[in-house]
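Written below as structure tokens is the structure these notes are about.
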Amino acid sequence: MGRQSYSSRLTTNDCKSISVKFLKSNLYFYKGGSDGMKWKNTKGAETGSIGFSVSMIAGNEHIRLVYTRVVDFSGEKFDLDYTVRLSSTPCYFGGRRWWFRCPLEEDGRVCNRRAGTLYLAGDKYFGCRICYNLTYESSRDSHRFDGVVQRMGYADYKIFKKILR
Ligand SMILES: [Zn+2]
């Protein structure tokens with residue numbers, strides 16, 4: 001398979017993603033902590049995994065992401081380990097809503113947009129939908145990766161636990 005042509009836009013369903021919703025449902029904004037998760041395709045086969053560590057120290061809230069990225073067209077592997085800022089906005093009915101701040105750079109400037117989901121599309125790093133020029137797709141039949149990810153089993157998680165100290 002050749003490289004994705006530049007004119008054909010990917011959809012949000014074509015990409016692996018990490019969402020605020022997932023972190024929230026597992027209480028990471030409440031207690032912080034580290035874990036791993038994996039993506040599965042519609043047939044239930046694992047398509048990738050990632051280790052992460054959430055730090056909720058006031059004023060320095062961030063998530064650290066650790067994963068290996070294999071570039072589709074060259075097969076080249078990159079070991080990634082970097083942090084993404086988290087910030088919050090107040091909710092109308094109380095509490096706070098948390099967001100990723102997109103870490104991608106263009107012309108030396110960090111995007112920094114608030115995003116509820118970050119995607120892995122083309123490049124090595126997670127970024128927002130706007131940076132990656134992704135479209136939403138409504139058809140459920142076109143899902144290549146499940147939007148919902150699964151927490152890792154303990155055996156997988158041990159590998160990341162070593163790194164995430
Ligand atoms: Zn962005």
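By convention here, the chains of the structure tokens are called A, B, ... in the order presented, each chain's residues are numbered starting at 1, and ligands are numbered starting at 1 in the order presented.
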
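Residues with any atom within 6 Å of A:Cys128, counting only C-alpha atoms and excluding same-chain neighbours fewer than 3 positions away, are Cys102, Leu118 and Cys131 of chain A.
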
Store the residues of this selection in a file with C-alpha atoms, as a PDB file, in the first residue's frame.
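Produced file again.pdb, reproduced below:
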ATOM      1  CA  CYS A 102      -2.784  20.124  21.511  1.00  0.00           C
ATOM      2  CA  LEU A 118      -6.328  13.770  20.430  1.00  0.00           C
ATOM      3  CA  CYS A 131      -4.115  20.239  13.090  1.00  0.00           C
TER       4      CYS A 131
END

inquiry  = Within 7 Å of ligand 1 (counting only C-alpha atoms and all ligand atoms), which residues show up? I'd like them as a list in words.
reply    = Cys102, Pro103, Leu104, Cys111, Asn112, Arg113, Gly127, Cys128, Arg129, Ile130 and Cys131 of chain A

Generate the output file for the selected residues, C-alpha atoms, as a PDB file, in the first residue's frame.
ATOM      1  CA  CYS A 102      -2.784  20.124  21.511  1.00  0.00           C
ATOM      2  CA  PRO A 103       1.038  19.808  21.536  1.00  0.00           C
ATOM      3  CA  LEU A 104       1.628  19.997  17.779  1.00  0.00           C
ATOM      4  CA  CYS A 111      -1.163  24.791  18.611  1.00  0.00           C
ATOM      5  CA  ASN A 112      -2.339  24.674  22.254  1.00  0.00           C
ATOM      6  CA  ARG A 113      -6.028  24.337  21.244  1.00  0.00           C
ATOM      7  CA  GLY A 127      -2.719  16.160  17.911  1.00  0.00           C
ATOM      8  CA  CYS A 128      -6.091  17.820  17.576  1.00  0.00           C
ATOM      9  CA  ARG A 129      -8.585  17.266  14.776  1.00  0.00           C
ATOM     10  CA  ILE A 130      -7.907  20.690  13.307  1.00  0.00           C
ATOM     11  CA  CYS A 131      -4.115  20.239  13.090  1.00  0.00           C
TER      12      CYS A 131
END

ask   = If you run DSSP on the backbone, which residues of stretch 28-159 of chain A are helix (DSSP H, G or I), as number ranges by chain?
value = A: 28-31, 140-142, 154-159

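Rounded to one decimal, atom CA of A:Lys124 and atom CA of A:Thr42 lie 23.3 Å from each other.
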
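Among A:Val71, A:Leu134, A:Cys91, A:Leu27, the residue with the shortest atom-to-atom distance to A:Thr117, counting only C-alpha atoms, is A:Leu134.
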